[in-house]
file coords_24.cif (mmCIF, C-alpha atoms)
data_structure
#
loop_
_atom_site.group_PDB
_atom_site.id
_atom_site.type_symbol
_atom_site.label_atom_id
_atom_site.label_comp_id
_atom_site.auth_asym_id
_atom_site.auth_seq_id
_atom_site.Cartn_x
_atom_site.Cartn_y
_atom_site.Cartn_z
ATOM 1 C CA MET A 1372 86.254 116.522 142.898
ATOM 2 C CA LYS A 1373 83.000 116.037 140.973
ATOM 3 C CA LEU A 1374 79.562 116.574 142.467
ATOM 4 C CA GLN A 1375 76.127 115.926 141.038
ATOM 5 C CA GLY A 1376 72.755 116.711 142.499
ATOM 6 C CA LYS A 1377 69.251 118.043 142.148
ATOM 7 C CA VAL A 1378 68.816 121.821 142.266
ATOM 8 C CA HIS A 1379 66.921 123.767 144.925
ATOM 9 C CA THR A 1380 66.504 127.426 143.981
ATOM 10 C CA PHE A 1381 66.448 130.573 146.108
ATOM 11 C CA GLY A 1382 66.445 134.264 145.227
ATOM 12 C CA ASP A 1383 68.581 137.263 146.152
ATOM 13 C CA ASN A 1384 69.691 138.348 149.630
ATOM 14 C CA VAL A 1385 69.077 135.066 151.431
ATOM 15 C CA ASP A 1386 70.478 136.011 154.812
ATOM 16 C CA THR A 1387 71.925 133.826 157.537
ATOM 17 C CA ASP A 1388 68.826 134.281 159.693
ATOM 18 C CA VAL A 1389 66.747 132.689 156.935
ATOM 19 C CA ILE A 1390 69.302 129.922 156.367
ATOM 20 C CA ILE A 1391 69.256 129.045 160.072
ATOM 21 C CA PRO A 1392 66.976 131.164 162.269
ATOM 22 C CA ALA A 1393 68.576 132.682 165.375
ATOM 23 C CA ARG A 1394 66.102 130.893 167.651
ATOM 24 C CA TYR A 1395 68.027 127.645 166.952
ATOM 25 C CA LEU A 1396 71.579 128.891 167.504
ATOM 26 C CA ASN A 1397 71.745 127.312 170.954
ATOM 27 C CA ILE A 1398 71.539 123.822 169.427
ATOM 28 C CA ALA A 1399 74.942 122.133 169.733
ATOM 29 C CA SER A 1400 74.330 119.178 167.399
ATOM 30 C CA ALA A 1401 74.936 119.939 163.711
ATOM 31 C CA GLU A 1402 72.465 117.195 162.774
ATOM 32 C CA GLU A 1403 69.690 118.684 164.882
ATOM 33 C CA LEU A 1404 70.548 122.203 163.701
ATOM 34 C CA SER A 1405 70.250 121.084 160.075
ATOM 35 C CA THR A 1406 66.635 120.002 160.583
ATOM 36 C CA HIS A 1407 65.777 123.726 160.694
ATOM 37 C CA CYS A 1408 67.767 124.745 157.599
ATOM 38 C CA MET A 1409 65.813 127.184 155.396
ATOM 39 C CA GLU A 1410 62.577 126.585 157.294
ATOM 40 C CA ASP A 1411 61.556 130.254 157.315
ATOM 41 C CA ILE A 1412 61.885 130.534 153.524
ATOM 42 C CA ASP A 1413 60.789 126.977 152.584
ATOM 43 C CA ALA A 1414 59.203 124.991 155.408
ATOM 44 C CA GLN A 1415 59.528 121.768 153.378
ATOM 45 C CA PHE A 1416 63.193 122.206 152.414
ATOM 46 C CA THR A 1417 64.648 119.611 154.779
ATOM 47 C CA LYS A 1418 62.001 117.113 153.693
ATOM 48 C CA LYS A 1419 62.818 117.679 150.000
ATOM 49 C CA VAL A 1420 66.612 117.874 150.129
ATOM 50 C CA LYS A 1421 68.562 114.662 149.576
ATOM 51 C CA ALA A 1422 72.239 113.963 150.130
ATOM 52 C CA GLY A 1423 74.180 115.367 147.189
ATOM 53 C CA ASP A 1424 71.708 118.105 146.240
ATOM 54 C CA ILE A 1425 72.809 121.586 145.194
ATOM 55 C CA ILE A 1426 71.455 125.036 146.022
ATOM 56 C CA CYS A 1427 71.309 127.675 143.284
ATOM 57 C CA ALA A 1428 70.712 131.207 144.537
ATOM 58 C CA GLY A 1429 70.804 134.825 143.449
ATOM 59 C CA GLU A 1430 72.924 137.745 144.601
ATOM 60 C CA ASN A 1431 74.414 138.191 148.069
ATOM 61 C CA PHE A 1432 73.696 134.684 149.384
ATOM 62 C CA GLY A 1433 74.560 134.385 153.084
ATOM 63 C CA CYS A 1434 74.380 138.079 153.950
ATOM 64 C CA GLY A 1435 73.704 139.141 157.507
ATOM 65 C CA SER A 1436 75.536 137.941 160.571
ATOM 66 C CA SER A 1437 78.776 136.000 160.463
ATOM 67 C CA ARG A 1438 77.382 132.838 162.064
ATOM 68 C CA GLU A 1439 79.137 129.670 160.969
ATOM 69 C CA HIS A 1440 75.887 127.840 161.732
ATOM 70 C CA ALA A 1441 74.502 128.846 158.314
ATOM 71 C CA PRO A 1442 76.899 126.942 156.029
ATOM 72 C CA LEU A 1443 77.126 124.147 158.610
ATOM 73 C CA SER A 1444 73.356 123.585 158.544
ATOM 74 C CA ILE A 1445 73.364 123.598 154.733
ATOM 75 C CA LYS A 1446 76.170 121.054 154.540
ATOM 76 C CA THR A 1447 74.799 118.829 157.304
ATOM 77 C CA CYS A 1448 71.343 118.562 155.741
ATOM 78 C CA GLY A 1449 72.956 117.022 152.648
ATOM 79 C CA VAL A 1450 73.680 119.895 150.258
ATOM 80 C CA THR A 1451 77.089 119.332 148.660
ATOM 81 C CA CYS A 1452 77.501 122.663 146.881
ATOM 82 C CA VAL A 1453 75.987 126.123 146.586
ATOM 83 C CA VAL A 1454 76.109 127.951 143.256
ATOM 84 C CA ALA A 1455 75.072 131.593 143.452
ATOM 85 C CA LYS A 1456 75.384 134.840 141.538
ATOM 86 C CA SER A 1457 77.389 136.207 144.484
ATOM 87 C CA PHE A 1458 78.043 135.510 148.159
ATOM 88 C CA ALA A 1459 78.422 137.677 151.203
ATOM 89 C CA ARG A 1460 82.155 137.611 151.922
ATOM 90 C CA ILE A 1461 81.896 136.329 155.500
ATOM 91 C CA PHE A 1462 79.586 133.495 154.399
ATOM 92 C CA TYR A 1463 82.080 132.631 151.665
ATOM 93 C CA ARG A 1464 84.900 132.248 154.178
ATOM 94 C CA ASN A 1465 82.749 130.369 156.705
ATOM 95 C CA ALA A 1466 81.648 127.939 153.993
ATOM 96 C CA ILE A 1467 85.255 127.174 153.047
ATOM 97 C CA ASN A 1468 86.192 126.823 156.741
ATOM 98 C CA ILE A 1469 83.619 124.046 157.210
ATOM 99 C CA GLY A 1470 84.298 122.418 153.817
ATOM 100 C CA LEU A 1471 81.177 123.484 151.901
ATOM 101 C CA PRO A 1472 82.097 124.288 148.293
ATOM 102 C CA ILE A 1473 80.478 127.421 146.905
ATOM 103 C CA LEU A 1474 80.816 128.764 143.379
ATOM 104 C CA GLU A 1475 79.822 132.036 141.761
ATOM 105 C CA CYS A 1476 78.296 131.538 138.324
ATOM 106 C CA PRO A 1477 75.431 133.916 137.429
ATOM 107 C CA ALA A 1478 74.683 132.247 134.070
ATOM 108 C CA ALA A 1479 74.246 128.811 135.647
ATOM 109 C CA VAL A 1480 71.900 130.275 138.275
ATOM 110 C CA ASP A 1481 69.859 132.222 135.704
ATOM 111 C CA GLU A 1482 69.134 129.090 133.674
ATOM 112 C CA ALA A 1483 68.723 126.535 136.479
ATOM 113 C CA GLN A 1484 65.275 125.573 137.671
ATOM 114 C CA ALA A 1485 64.238 123.638 140.751
ATOM 115 C CA GLY A 1486 64.597 119.929 140.062
ATOM 116 C CA ASP A 1487 67.278 120.276 137.382
ATOM 117 C CA VAL A 1488 70.383 118.157 137.835
ATOM 118 C CA LEU A 1489 73.733 119.946 137.990
ATOM 119 C CA GLN A 1490 77.135 118.359 137.665
ATOM 120 C CA VAL A 1491 79.934 120.419 139.186
ATOM 121 C CA ASP A 1492 83.664 119.809 138.750
ATOM 122 C CA LEU A 1493 85.421 121.676 141.552
ATOM 123 C CA ASP A 1494 88.860 121.016 140.044
ATOM 124 C CA THR A 1495 88.095 122.779 136.759
ATOM 125 C CA GLY A 1496 85.253 125.150 137.684
ATOM 126 C CA SER A 1497 82.996 123.447 135.145
ATOM 127 C CA ILE A 1498 79.245 123.378 135.807
ATOM 128 C CA GLU A 1499 76.880 121.390 133.618
ATOM 129 C CA ASN A 1500 73.118 121.552 133.796
ATOM 130 C CA VAL A 1501 72.532 117.935 132.789
ATOM 131 C CA THR A 1502 68.774 118.490 132.504
ATOM 132 C CA ARG A 1503 69.107 121.383 130.041
ATOM 133 C CA GLY A 1504 72.318 120.282 128.282
ATOM 134 C CA LYS A 1505 74.131 123.555 129.086
ATOM 135 C CA ARG A 1506 77.696 124.099 130.293
ATOM 136 C CA TYR A 1507 79.182 126.976 132.257
ATOM 137 C CA SER A 1508 82.609 127.919 133.532
ATOM 138 C CA THR A 1509 83.754 129.671 136.656
ATOM 139 C CA ALA A 1510 87.121 130.024 138.310
ATOM 140 C CA PRO A 1511 88.133 126.865 140.164
ATOM 141 C CA PHE A 1512 89.348 127.082 143.737
ATOM 142 C CA PRO A 1513 93.097 127.443 144.225
ATOM 143 C CA PRO A 1514 94.819 124.194 145.283
ATOM 144 C CA GLU A 1515 95.042 125.184 148.965
ATOM 145 C CA ILE A 1516 91.259 125.799 149.096
ATOM 146 C CA GLN A 1517 90.592 122.539 147.255
ATOM 147 C CA LYS A 1518 92.590 120.734 149.975
ATOM 148 C CA ILE A 1519 90.436 122.315 152.699
ATOM 149 C CA ILE A 1520 87.218 121.298 150.927
ATOM 150 C CA ALA A 1521 88.466 117.766 150.220
ATOM 151 C CA ALA A 1522 89.406 117.354 153.890
ATOM 152 C CA GLY A 1523 85.934 118.451 154.988
ATOM 153 C CA GLY A 1524 86.980 121.776 156.479
ATOM 154 C CA LEU A 1525 89.914 123.813 157.736
ATOM 155 C CA LEU A 1526 90.182 122.149 161.149
ATOM 156 C CA LYS A 1527 90.471 118.740 159.495
ATOM 157 C CA THR A 1528 93.609 119.886 157.657
ATOM 158 C CA LEU A 1529 95.535 120.598 160.873
#
call {"tool": "encode", "arguments": {"input": "coords_24.cif", "output": "structure tokens"}}
result
Amino acid sequence: MKLQGKVHTFGDNVDTDVIIPARYLNIASAEELSTHCMEDIDAQFTKKVKAGDIICAGENFGCGSSREHAPLSIKTCGVTCVVAKSFARIFYRNAINIGLPILECPAAVDEAQAGDVLQVDLDTGSIENVTRGKRYSTAPFPPEIQKIIAAGGLLKTL
């Protein structure tokens, strides 16, 4: 599966309470929830993000509580992939469970700037910064994880 989108950048230790603040966790609709994605770190994020865009972030993205709301709000607001230097383990698993592809590639994050266009090949682990003409490699997902992502989440594979 190939993805391409404009980059939105964030730093290290972006926790789940910043991704989707706890005051919105009682919202049942994923669409409504996504309107608050990242608002405490970038109040304009949901106005800037377009379907297909990609988040690039630093170390420990998704740390904090284990709420599945965080990757769900990211995916529902239109982000198709998150590339980070590293992920909190529970966020990593929650992202896969809801079908949001996430890749660890520190070099791609270090050189990406907001507004760049990334092309990501989930089958090969290839990441290309189209804007800068640079290519990076990371480990692709195993076939069983690729099936979960392609289906749109774990529950859709059952």
call {"tool": "closest_atom_pairs", "arguments": {"input": "coords_24.cif", "of": "segment 1441-1516 of chain A", "to": "segment 1411-1416 of chain A", "cutoff": "12 Å", "atoms": "all atoms listed in the file", "output": "Markdown table"}}
result
| residue | atom | partner | partner_atom | distance |
| --- | --- | --- | --- | --- |
| A:Ser1444 | CA | A:Phe1416 | CA | 11.9 |
| A:Ile1445 | CA | A:Phe1416 | CA | 10.5 |
| A:Cys1448 | CA | A:Phe1416 | CA | 9.5 |
| A:Gly1449 | CA | A:Phe1416 | CA | 11.1 |
| A:Val1450 | CA | A:Phe1416 | CA | 11.0 |
| A:Ala1485 | CA | A:Phe1416 | CA | 11.8 |
call {"tool": "closest_residue", "arguments": {"input": "coords_24.cif", "among": "A:Val1454, A:Ala1483, A:Gly1433, A:Asn1384", "to": "Gly1496 of chain A", "atoms": "only C-alpha atoms"}}
result
A:Val1454
call {"tool": "resolve_selection", "arguments": {"input": "coords_24.cif", "expression": "the PyMOL selection byres ((chain A and resi 1475) around 8)", "output": "list in words"}}
result
Val1454, Ala1455, Lys1456, Ser1457, Phe1458, Ile1473, Leu1474, Cys1476, Pro1477 and Thr1509 of chain A
call {"tool": "resolve_selection", "arguments": {"input": "coords_24.cif", "expression": "the PyMOL selection byres ((chain A and resi 1515) around 12)", "output": "compact mmCIF listing (two decimals) with C-alpha atoms, in the frame of the given file"}}
result
# COMPACT_ATOMS: atom_id res chain seq x y z
CA ILE A 1467 85.26 127.17 153.05
CA ASN A 1468 86.19 126.82 156.74
CA ASP A 1494 88.86 121.02 140.04
CA PRO A 1511 88.13 126.86 140.16
CA PHE A 1512 89.35 127.08 143.74
CA PRO A 1513 93.10 127.44 144.22
CA PRO A 1514 94.82 124.19 145.28
CA ILE A 1516 91.26 125.80 149.10
CA GLN A 1517 90.59 122.54 147.26
CA LYS A 1518 92.59 120.73 149.98
CA ILE A 1519 90.44 122.32 152.70
CA ILE A 1520 87.22 121.30 150.93
CA ALA A 1521 88.47 117.77 150.22
CA ALA A 1522 89.41 117.35 153.89
CA GLY A 1524 86.98 121.78 156.48
CA LEU A 1525 89.91 123.81 157.74
CA THR A 1528 93.61 119.89 157.66
call {"tool": "closest_residue", "arguments": {"input": "coords_24.cif", "among": "A:Leu1374, A:Leu1443, A:Ile1498, A:Ile1426", "to": "Ala1466 of chain A", "atoms": "all atoms listed in the file"}}
result
A:Leu1443
call {"tool": "resolve_selection", "arguments": {"input": "coords_24.cif", "expression": "the PyMOL selection byres ((chain A and resi 1489) around 10)", "output": "PDB file with C-alpha atoms, in the coordinates of the input"}}
result
ATOM      1  CA  LEU A1374      79.562 116.574 142.467  1.00  0.00           C
ATOM      2  CA  GLN A1375      76.127 115.926 141.038  1.00  0.00           C
ATOM      3  CA  GLY A1376      72.755 116.711 142.499  1.00  0.00           C
ATOM      4  CA  LYS A1377      69.251 118.043 142.148  1.00  0.00           C
ATOM      5  CA  VAL A1378      68.816 121.821 142.266  1.00  0.00           C
ATOM      6  CA  ASP A1424      71.708 118.105 146.240  1.00  0.00           C
ATOM      7  CA  ILE A1425      72.809 121.586 145.194  1.00  0.00           C
ATOM      8  CA  ILE A1426      71.455 125.036 146.022  1.00  0.00           C
ATOM      9  CA  CYS A1427      71.309 127.675 143.284  1.00  0.00           C
ATOM     10  CA  VAL A1454      76.109 127.951 143.256  1.00  0.00           C
ATOM     11  CA  ALA A1479      74.246 128.811 135.647  1.00  0.00           C
ATOM     12  CA  ALA A1483      68.723 126.535 136.479  1.00  0.00           C
ATOM     13  CA  GLY A1486      64.597 119.929 140.062  1.00  0.00           C
ATOM     14  CA  ASP A1487      67.278 120.276 137.382  1.00  0.00           C
ATOM     15  CA  VAL A1488      70.383 118.157 137.835  1.00  0.00           C
ATOM     16  CA  GLN A1490      77.135 118.359 137.665  1.00  0.00           C
ATOM     17  CA  VAL A1491      79.934 120.419 139.186  1.00  0.00           C
ATOM     18  CA  ASP A1492      83.664 119.809 138.750  1.00  0.00           C
ATOM     19  CA  ILE A1498      79.245 123.378 135.807  1.00  0.00           C
ATOM     20  CA  GLU A1499      76.880 121.390 133.618  1.00  0.00           C
ATOM     21  CA  ASN A1500      73.118 121.552 133.796  1.00  0.00           C
ATOM     22  CA  VAL A1501      72.532 117.935 132.789  1.00  0.00           C
ATOM     23  CA  THR A1502      68.774 118.490 132.504  1.00  0.00           C
ATOM     24  CA  ARG A1503      69.107 121.383 130.041  1.00  0.00           C
ATOM     25  CA  GLY A1504      72.318 120.282 128.282  1.00  0.00           C
ATOM     26  CA  LYS A1505      74.131 123.555 129.086  1.00  0.00           C
ATOM     27  CA  ARG A1506      77.696 124.099 130.293  1.00  0.00           C
TER      28      ARG A1506
END
call {"tool": "residues_near_point", "arguments": {"input": "coords_24.cif", "point": "(73.3, 139.4, 150.7)", "cutoff": "8 Å", "atoms": "all atoms listed in the file", "output": "PyMOL selection string"}}
result
chain A and resi 1383-1386+1430-1435+1458-1459
call {"tool": "axis_aligned_box", "arguments": {"input": "coords_24.cif", "around": "segment 1456-1463 of chain A", "padding_each_side": "4 Å", "output": "lines of an AutoDock Vina configuration file"}}
result
center_x = 78.8
center_y = 135.2
center_z = 148.5
size_x = 14.8
size_y = 13.0
size_z = 22.0
call {"tool": "build_atoms", "arguments": {"input": "coords_24.cif", "residues": "segment 1411-1422 of chain A", "atoms": "all heavy atoms", "output": "mmCIF file, keeping the file's coordinate frame"}}
result
data_model
loop_
_atom_site.group_PDB
_atom_site.id
_atom_site.type_symbol
_atom_site.label_atom_id
_atom_site.label_comp_id
_atom_site.auth_asym_id
_atom_site.auth_seq_id
_atom_site.Cartn_x
_atom_site.Cartn_y
_atom_site.Cartn_z
ATOM 1 N N ASP A 1411 62.348 129.022 157.392
ATOM 2 C CA ASP A 1411 61.556 130.254 157.315
ATOM 3 C C ASP A 1411 61.356 130.746 155.877
ATOM 4 O O ASP A 1411 60.545 131.640 155.642
ATOM 5 C CB ASP A 1411 62.207 131.361 158.152
ATOM 6 C CG ASP A 1411 61.984 131.157 159.642
ATOM 7 O OD1 ASP A 1411 61.219 130.247 160.028
ATOM 8 O OD2 ASP A 1411 62.589 131.914 160.430
ATOM 9 N N ILE A 1412 62.065 130.164 154.931
ATOM 10 C CA ILE A 1412 61.885 130.534 153.524
ATOM 11 C C ILE A 1412 61.218 129.399 152.736
ATOM 12 O O ILE A 1412 60.544 129.628 151.744
ATOM 13 C CB ILE A 1412 63.234 130.958 152.891
ATOM 14 C CG1 ILE A 1412 63.021 131.664 151.570
ATOM 15 C CG2 ILE A 1412 64.176 129.791 152.725
ATOM 16 C CD1 ILE A 1412 64.277 132.333 151.019
ATOM 17 N N ASP A 1413 61.409 128.152 153.201
ATOM 18 C CA ASP A 1413 60.789 126.977 152.584
ATOM 19 C C ASP A 1413 60.623 125.920 153.673
ATOM 20 O O ASP A 1413 61.555 125.168 153.968
ATOM 21 C CB ASP A 1413 61.665 126.449 151.445
ATOM 22 C CG ASP A 1413 61.088 125.220 150.762
ATOM 23 O OD1 ASP A 1413 60.045 124.692 151.207
ATOM 24 O OD2 ASP A 1413 61.692 124.767 149.769
ATOM 25 N N ALA A 1414 59.461 125.874 154.272
ATOM 26 C CA ALA A 1414 59.203 124.991 155.408
ATOM 27 C C ALA A 1414 59.413 123.514 155.066
ATOM 28 O O ALA A 1414 59.648 122.701 155.960
ATOM 29 C CB ALA A 1414 57.783 125.212 155.928
ATOM 30 N N GLN A 1415 59.372 123.162 153.798
ATOM 31 C CA GLN A 1415 59.528 121.768 153.378
ATOM 32 C C GLN A 1415 60.950 121.434 152.908
ATOM 33 O O GLN A 1415 61.210 120.305 152.498
ATOM 34 C CB GLN A 1415 58.528 121.456 152.250
ATOM 35 C CG GLN A 1415 57.079 121.619 152.664
ATOM 36 C CD GLN A 1415 56.728 120.743 153.852
ATOM 37 O OE1 GLN A 1415 56.975 119.546 153.854
ATOM 38 N NE2 GLN A 1415 56.170 121.346 154.891
ATOM 39 N N PHE A 1416 61.847 122.399 152.970
ATOM 40 C CA PHE A 1416 63.193 122.206 152.414
ATOM 41 C C PHE A 1416 63.866 120.940 152.941
ATOM 42 O O PHE A 1416 64.357 120.121 152.163
ATOM 43 C CB PHE A 1416 64.079 123.433 152.668
ATOM 44 C CG PHE A 1416 65.483 123.265 152.155
ATOM 45 C CD1 PHE A 1416 65.741 123.314 150.795
ATOM 46 C CD2 PHE A 1416 66.538 123.047 153.024
ATOM 47 C CE1 PHE A 1416 67.022 123.150 150.302
ATOM 48 C CE2 PHE A 1416 67.825 122.884 152.549
ATOM 49 C CZ PHE A 1416 68.067 122.932 151.188
ATOM 50 N N THR A 1417 63.921 120.763 154.241
ATOM 51 C CA THR A 1417 64.648 119.611 154.779
ATOM 52 C C THR A 1417 63.954 118.283 154.476
ATOM 53 O O THR A 1417 64.588 117.236 154.553
ATOM 54 C CB THR A 1417 64.879 119.736 156.303
ATOM 55 O OG1 THR A 1417 63.631 119.854 156.969
ATOM 56 C CG2 THR A 1417 65.776 120.923 156.613
ATOM 57 N N LYS A 1418 62.695 118.334 154.110
ATOM 58 C CA LYS A 1418 62.001 117.113 153.693
ATOM 59 C C LYS A 1418 62.282 116.797 152.222
ATOM 60 O O LYS A 1418 62.258 115.644 151.809
ATOM 61 C CB LYS A 1418 60.503 117.254 153.932
ATOM 62 C CG LYS A 1418 60.128 117.296 155.404
ATOM 63 C CD LYS A 1418 58.644 117.564 155.598
ATOM 64 C CE LYS A 1418 58.237 117.586 157.037
ATOM 65 N NZ LYS A 1418 58.878 118.579 157.874
ATOM 66 N N LYS A 1419 62.566 117.850 151.434
ATOM 67 C CA LYS A 1419 62.818 117.679 150.000
ATOM 68 C C LYS A 1419 64.281 117.387 149.683
ATOM 69 O O LYS A 1419 64.572 116.673 148.731
ATOM 70 C CB LYS A 1419 62.407 118.946 149.237
ATOM 71 C CG LYS A 1419 60.923 119.244 149.278
ATOM 72 C CD LYS A 1419 60.562 120.430 148.404
ATOM 73 C CE LYS A 1419 61.083 121.739 148.943
ATOM 74 N NZ LYS A 1419 60.582 122.916 148.232
ATOM 75 N N VAL A 1420 65.189 117.981 150.451
ATOM 76 C CA VAL A 1420 66.612 117.874 150.129
ATOM 77 C C VAL A 1420 67.113 116.459 150.381
ATOM 78 O O VAL A 1420 66.729 115.805 151.343
ATOM 79 C CB VAL A 1420 67.451 118.924 150.902
ATOM 80 C CG1 VAL A 1420 67.560 118.586 152.374
ATOM 81 C CG2 VAL A 1420 68.823 119.105 150.289
ATOM 82 N N LYS A 1421 67.937 115.985 149.475
ATOM 83 C CA LYS A 1421 68.562 114.662 149.576
ATOM 84 C C LYS A 1421 70.081 114.856 149.554
ATOM 85 O O LYS A 1421 70.593 115.834 149.007
ATOM 86 C CB LYS A 1421 68.155 113.777 148.386
ATOM 87 C CG LYS A 1421 66.662 113.600 148.218
ATOM 88 C CD LYS A 1421 66.095 112.704 149.288
ATOM 89 C CE LYS A 1421 64.621 112.458 149.068
ATOM 90 N NZ LYS A 1421 63.788 112.746 150.165
ATOM 91 N N ALA A 1422 70.776 113.908 150.126
ATOM 92 C CA ALA A 1422 72.239 113.963 150.130
ATOM 93 C C ALA A 1422 72.742 114.129 148.704
ATOM 94 O O ALA A 1422 72.321 113.407 147.797
ATOM 95 C CB ALA A 1422 72.814 112.704 150.762
#
